[in-house]
$ cat query_20.json   # JSON, C-alpha atoms
[["chain", "number", "residue", "atom", "x", "y", "z"],
["A", 4, "MET", "CA", -12.19, 17.96, 2.41],
["A", 5, "ALA", "CA", -11.43, 14.35, 3.35],
["A", 6, "GLY", "CA", -14.27, 13.12, 1.14],
["A", 7, "ALA", "CA", -13.35, 15.35, -1.78],
["A", 8, "ALA", "CA", -12.40, 13.76, -5.07],
["A", 9, "GLN", "CA", -9.27, 15.05, -6.73],
["A", 10, "SER", "CA", -7.28, 13.94, -9.70],
["A", 11, "ALA", "CA", -5.47, 10.67, -9.13],
["A", 12, "SER", "CA", -2.24, 12.57, -8.55],
["A", 13, "GLY", "CA", -4.04, 14.73, -5.99],
["A", 14, "SER", "CA", -2.61, 17.86, -7.53],
["A", 15, "THR", "CA", -5.61, 19.63, -8.96],
["A", 16, "ASN", "CA", -6.92, 22.96, -7.75],
["A", 17, "HIS", "CA", -10.47, 21.97, -8.61],
["A", 18, "ILE", "CA", -11.81, 19.80, -5.81],
["A", 19, "VAL", "CA", -15.15, 18.10, -6.33],
["A", 20, "GLU", "CA", -17.07, 16.11, -3.78],
["A", 21, "PRO", "CA", -17.58, 12.48, -4.88],
["A", 22, "GLU", "CA", -21.36, 12.87, -5.01],
["A", 23, "GLU", "CA", -21.06, 16.01, -7.14],
["A", 24, "LEU", "CA", -18.65, 14.25, -9.49],
["A", 25, "LYS", "CA", -21.03, 11.30, -9.79],
["A", 26, "PHE", "CA", -23.90, 13.69, -10.50],
["A", 27, "LEU", "CA", -21.90, 15.54, -13.18],
["A", 28, "VAL", "CA", -20.91, 12.30, -14.91],
["A", 29, "ARG", "CA", -24.49, 11.01, -14.91],
["A", 30, "GLN", "CA", -25.87, 14.33, -16.18],
["A", 31, "ALA", "CA", -23.21, 14.55, -18.90],
["A", 32, "GLN", "CA", -24.03, 10.97, -19.93],
["A", 33, "ARG", "CA", -27.66, 12.08, -20.31],
["A", 34, "GLY", "CA", -26.63, 14.90, -22.67],
["A", 35, "ASP", "CA", -26.47, 17.85, -20.26],
["A", 36, "ALA", "CA", -24.05, 20.23, -22.02],
["A", 37, "LEU", "CA", -23.42, 22.33, -18.90],
["A", 38, "ALA", "CA", -22.50, 19.26, -16.85],
["A", 39, "LEU", "CA", -20.20, 18.08, -19.64],
["A", 40, "ASP", "CA", -18.54, 21.48, -19.79],
["A", 41, "GLU", "CA", -17.96, 21.47, -16.03],
["A", 42, "LEU", "CA", -16.65, 17.92, -16.16],
["A", 43, "LEU", "CA", -14.19, 18.85, -18.91],
["A", 44, "GLY", "CA", -13.11, 21.87, -16.87],
["A", 45, "ILE", "CA", -12.23, 19.49, -14.05],
["A", 46, "LEU", "CA", -10.51, 16.93, -16.28],
["A", 47, "MET", "CA", -8.49, 19.08, -18.70],
["A", 48, "PRO", "CA", -5.71, 20.16, -16.31],
["A", 49, "TYR", "CA", -5.29, 16.54, -15.24],
["A", 50, "ILE", "CA", -5.24, 15.28, -18.84],
["A", 51, "GLY", "CA", -2.66, 17.96, -19.69],
["A", 52, "ARG", "CA", -0.41, 16.80, -16.84],
["A", 53, "ILE", "CA", -0.58, 13.24, -18.15],
["A", 54, "CYS", "CA", 0.09, 14.16, -21.77],
["A", 55, "ALA", "CA", 2.85, 16.76, -21.27],
["A", 56, "PRO", "CA", 5.75, 14.52, -20.18],
["A", 57, "ILE", "CA", 4.83, 11.79, -22.65],
["A", 58, "ALA", "CA", 3.86, 13.64, -25.81],
["A", 59, "LEU", "CA", 6.15, 16.68, -25.30],
["A", 60, "GLN", "CA", 5.33, 19.36, -27.90],
["A", 61, "GLU", "CA", 2.44, 17.23, -29.15],
["A", 62, "ALA", "CA", 0.83, 17.36, -25.68],
["A", 63, "PRO", "CA", -1.86, 19.94, -26.50],
["A", 64, "ASP", "CA", -3.02, 17.90, -29.49],
["A", 65, "ALA", "CA", -2.90, 14.66, -27.48],
["A", 66, "ALA", "CA", -4.87, 16.27, -24.66],
["A", 67, "GLN", "CA", -7.46, 17.55, -27.12],
["A", 68, "GLU", "CA", -7.84, 14.11, -28.71],
["A", 69, "ALA", "CA", -8.10, 12.54, -25.26],
["A", 70, "ALA", "CA", -10.87, 14.99, -24.38],
["A", 71, "ILE", "CA", -12.69, 14.16, -27.60],
["A", 72, "ALA", "CA", -12.39, 10.43, -26.85],
["A", 73, "ILE", "CA", -13.70, 11.01, -23.34],
["A", 74, "VAL", "CA", -16.71, 12.95, -24.61],
["A", 75, "ARG", "CA", -17.47, 10.38, -27.31],
["A", 76, "ASN", "CA", -17.18, 7.44, -24.94],
["A", 77, "LEU", "CA", -18.49, 8.89, -21.69],
["A", 78, "HIS", "CA", -21.62, 6.77, -22.03],
["A", 79, "GLN", "CA", -19.40, 3.68, -21.64],
["A", 80, "LEU", "CA", -18.17, 4.73, -18.19],
["A", 81, "LYS", "CA", -20.17, 2.51, -15.85],
["A", 82, "THR", "CA", -18.69, 3.73, -12.56],
["A", 83, "PRO", "CA", -18.46, 7.54, -12.20],
["A", 84, "GLU", "CA", -15.98, 7.07, -9.35],
["A", 85, "ALA", "CA", -13.54, 5.64, -11.90],
["A", 86, "LEU", "CA", -13.58, 8.82, -13.99],
["A", 87, "PHE", "CA", -10.01, 9.91, -13.29],
["A", 88, "SER", "CA", -8.44, 6.49, -13.83],
["A", 89, "TRP", "CA", -10.50, 6.05, -17.00],
["A", 90, "ALA", "CA", -9.44, 9.49, -18.26],
["A", 91, "ARG", "CA", -5.81, 8.77, -17.32],
["A", 92, "ALA", "CA", -5.83, 5.62, -19.45],
["A", 93, "ILE", "CA", -7.26, 7.48, -22.43],
["A", 94, "ALA", "CA", -4.82, 10.38, -22.02],
["A", 95, "ALA", "CA", -1.79, 8.11, -21.70],
["A", 96, "ARG", "CA", -2.71, 6.15, -24.82],
["A", 97, "GLU", "CA", -3.34, 9.33, -26.83],
["A", 98, "ALA", "CA", -0.07, 10.84, -25.62],
["A", 99, "VAL", "CA", 1.90, 7.75, -26.65],
["A", 100, "ARG", "CA", 0.14, 7.72, -30.02],
["A", 101, "PHE", "CA", 0.95, 11.37, -30.70],
["A", 102, "ALA", "CA", 4.52, 11.09, -29.44],
["A", 103, "THR", "CA", 5.17, 8.02, -31.56],
["A", 104, "ARG", "CA", 3.75, 9.72, -34.63],
["A", 105, "ALA", "CA", 5.83, 12.84, -33.96],
["A", 106, "GLY", "CA", 8.91, 10.71, -33.39],
["A", 107, "ALA", "CA", 8.46, 9.18, -36.80],
["A", 108, "ARG", "CA", 8.49, 12.69, -38.27],
["A", 109, "ASN", "CA", 11.33, 14.05, -36.18],
["A", 110, "GLN", "CA", 14.11, 12.21, -34.45],
["A", 111, "ARG", "CA", 14.59, 14.99, -31.92],
["A", 112, "THR", "CA", 11.67, 16.87, -30.33],
["A", 113, "THR", "CA", 11.48, 19.85, -28.05],
["A", 114, "ALA", "CA", 9.66, 20.11, -24.76],
["A", 115, "ALA", "CA", 6.03, 21.09, -24.46],
["A", 116, "GLU", "CA", 4.88, 23.64, -21.98],
["A", 117, "PRO", "CA", 3.28, 21.65, -19.17],
["A", 118, "ALA", "CA", -0.41, 22.28, -18.60],
["A", 119, "ASP", "CA", 0.36, 23.55, -15.11],
["A", 120, "GLU", "CA", 3.87, 24.69, -14.28],
["A", 121, "PRO", "CA", 5.11, 22.89, -11.20],
["A", 122, "ASP", "CA", 6.46, 24.94, -8.34],
["A", 123, "LEU", "CA", 10.15, 24.10, -8.77],
["A", 124, "ARG", "CA", 12.84, 25.79, -6.77],
["A", 125, "ASP", "CA", 15.56, 24.79, -9.19],
["A", 126, "ALA", "CA", 14.49, 25.63, -12.73],
["A", 127, "GLU", "CA", 17.82, 24.49, -14.15],
["A", 128, "LEU", "CA", 17.42, 21.04, -12.60],
["A", 129, "ALA", "CA", 13.87, 20.82, -13.98],
["A", 130, "ALA", "CA", 15.14, 21.77, -17.44],
["A", 131, "ASP", "CA", 17.87, 19.13, -17.20],
["A", 132, "ILE", "CA", 15.35, 16.46, -16.18],
["A", 133, "GLN", "CA", 13.01, 17.48, -19.01],
["A", 134, "ASP", "CA", 15.89, 17.36, -21.49],
["A", 135, "VAL", "CA", 16.82, 13.83, -20.41],
["A", 136, "LEU", "CA", 13.19, 12.70, -20.56],
["A", 137, "GLU", "CA", 12.84, 14.05, -24.09],
["A", 138, "ARG", "CA", 15.58, 11.72, -25.26],
["A", 139, "LEU", "CA", 13.64, 8.64, -24.21],
["A", 140, "PRO", "CA", 11.20, 6.96, -26.60],
["A", 141, "PRO", "CA", 7.53, 7.79, -25.97],
["A", 142, "GLU", "CA", 6.75, 4.31, -24.66],
["A", 143, "GLN", "CA", 9.47, 4.68, -22.02],
["A", 144, "ARG", "CA", 8.34, 8.19, -21.07],
["A", 145, "ALA", "CA", 4.82, 6.81, -20.67],
["A", 146, "VAL", "CA", 5.80, 4.05, -18.24],
["A", 147, "LEU", "CA", 8.04, 6.41, -16.26],
["A", 148, "THR", "CA", 5.29, 9.02, -16.03],
["A", 149, "LEU", "CA", 2.58, 6.57, -15.03],
["A", 150, "ARG", "CA", 4.79, 4.66, -12.60],
["A", 151, "HIS", "CA", 6.75, 7.46, -10.95],
["A", 152, "VAL", "CA", 4.72, 10.64, -11.47],
["A", 153, "GLU", "CA", 1.26, 9.11, -11.12],
["A", 154, "GLY", "CA", 2.48, 6.51, -8.60],
["A", 155, "MET", "CA", 0.76, 3.60, -10.30],
["A", 156, "ASP", "CA", 1.83, 0.00, -9.87],
["A", 157, "GLU", "CA", 3.16, -1.98, -12.82],
["A", 158, "GLN", "CA", -0.08, -3.93, -13.28],
["A", 159, "SER", "CA", -2.09, -0.71, -13.57],
["A", 160, "VAL", "CA", 0.40, 0.70, -16.08],
["A", 161, "SER", "CA", 0.09, -2.56, -18.01],
["A", 162, "ASN", "CA", -3.70, -2.23, -18.08],
["A", 163, "ILE", "CA", -3.64, 1.40, -19.19],
["A", 164, "LEU", "CA", -1.13, 0.88, -21.98],
["A", 165, "ASN", "CA", -2.63, -2.47, -23.03],
["A", 166, "VAL", "CA", 0.71, -4.24, -22.91],
["A", 167, "PRO", "CA", 1.84, -7.26, -20.89],
["A", 168, "ILE", "CA", 3.30, -6.58, -17.47],
["A", 169, "GLY", "CA", 6.63, -7.99, -18.67],
["A", 170, "THR", "CA", 6.70, -5.30, -21.36],
["A", 171, "VAL", "CA", 6.05, -2.63, -18.72],
["A", 172, "ARG", "CA", 8.91, -3.99, -16.62],
["A", 173, "SER", "CA", 11.32, -4.12, -19.54],
["A", 174, "ARG", "CA", 10.36, -0.60, -20.64],
["A", 175, "LEU", "CA", 10.82, 0.65, -17.08],
["A", 176, "PHE", "CA", 14.20, -1.03, -16.89],
["A", 177, "ARG", "CA", 15.33, 0.48, -20.21],
["A", 178, "ALA", "CA", 13.85, 3.88, -19.35],
["A", 179, "ARG", "CA", 15.57, 4.03, -15.97],
["A", 180, "LYS", "CA", 18.84, 2.84, -17.48],
["A", 181, "GLY", "CA", 18.59, 5.35, -20.33],
["A", 182, "PHE", "CA", 17.68, 8.13, -17.93],
["A", 183, "ARG", "CA", 20.62, 7.32, -15.64],
["A", 184, "LEU", "CA", 23.02, 7.10, -18.57],
["A", 185, "ALA", "CA", 21.89, 10.40, -20.09],
["A", 186, "TRP", "CA", 21.81, 12.04, -16.67],
["A", 187, "GLY", "CA", 25.34, 10.90, -15.87],
["A", 188, "VAL", "CA", 26.67, 12.11, -19.22],
["A", 189, "ASP", "CA", 24.91, 15.47, -18.97],
["A", 190, "ARG", "CA", 25.81, 16.16, -15.34],
["A", 191, "ARG", "CA", 29.58, 15.71, -15.67]]
$ encode --input "query_20.json" --output "structure tokens"
Amino acid sequence: MAGAAQSASGSTNHIVEPEELKFLVRQAQRGDALALDELLGILMPYIGRICAPIALQEAPDAAQEAAIAIVRNLHQLKTPEALFSWARAIAAREAVRFATRAGARNQRTTAAEPADEPDLRDAELAADIQDVLERLPPEQRAVLTLRHVEGMDEQSVSNILNVPIGTVRSRLFRARKGFRLAWGVDRR
């Protein structure tokens, strides 16, 4: 199990050995439909977990578009070992794009059902956290998700979102401040 590849967050039920993952990527790049299907089966729960907290109710559409982008551009992936980080970048960008577009249509959105429900002992606390996150702009949700849920450093978040590191830092600052403010108001 030590050599098994998991999603970058390590929270997938589908564990694939690195050599098997490399084989699947290479076969899918060569047009093997079964390998592509298996690869998507591995990636979709992970993509859903990236999109859900960023795109909210638009998460299923964002995840679908991310999957389409992955399939269309799989031939560009040079290093199969980088599959999850490459997919994470695509999913995060799609989620921000969908959330921004939805935000332009509606000022207030409702939560999406996460791709995989986390095992939470306090459902009320989880609902409160989700409610506070929903109030943040998509760009702030994205940096919070990538930084604190995915555990990425600021430079990696900057690379994924294609924004300067200073922008990531300012968004993180505003997101944390907004979260704390909304949390304090809601919890009184």
$ residues_around --input "query_20.json" --residues "segment 169-172 of chain A" --least-positions-apart "2" --cutoff "10 Å" --atoms "all atoms listed in the file" --output "list in words"
Glu142, Gln143, Ala145, Val146, Leu147, Arg150, Glu157, Gln158, Ser159, Val160, Ser161, Asn162, Leu164, Asn165, Val166, Pro167, Arg174, Leu175, Phe176, Arg177 and Ala178 of chain A
$ residues_around --input "query_20.json" --residues "Pro141 of chain A" --least-positions-apart "5" --cutoff "9 Å" --atoms "only C-alpha atoms" --output "list of chain:residue names"
A:Ile57, A:Ala58, A:Ala98, A:Val99, A:Arg100, A:Phe101, A:Ala102, A:Thr103, A:Gly106, A:Val146
$ residues_around --input "query_20.json" --residues "segment 62-73 of chain A" --least-positions-apart "6" --cutoff "10 Å" --atoms "all atoms listed in the file" --output "NGL selection string"
:A and (43 or 46-56 or 79-80 or 86 or 89-102 or 114-118)
$ residues_around --input "query_20.json" --residues "Asp40 of chain A" --least-positions-apart "3" --cutoff "12 Å" --atoms "only C-alpha atoms" --output "VMD selection string"
chain A and resid 27 to 28 30 to 32 34 to 37 43 to 47 70 74
$ atom_distance --input "query_20.json" --atom1 "atom CA of Glu137 of chain A" --atom2 "atom CA of Leu59 of chain A"
7.3 Å
$ closest_residue --input "query_20.json" --among "A:Leu24, A:Ala185, A:Leu149, A:Met155" --to "Ile132 of chain A" --atoms "all atoms listed in the file"
A:Ala185
$ atom_distance --input "query_20.json" --atom1 "atom CA of Gln60 of chain A" --atom2 "atom CA of Asp131 of chain A"
16.5 Å
$ atom_distance --input "query_20.json" --atom1 "atom CA of Pro83 of chain A" --atom2 "atom CA of Pro21 of chain A"
8.9 Å
$ closest_residue --input "query_20.json" --among "A:Lys81, A:Arg179, A:Leu42, A:Phe26" --to "Pro140 of chain A" --atoms "all atoms listed in the file"
A:Arg179
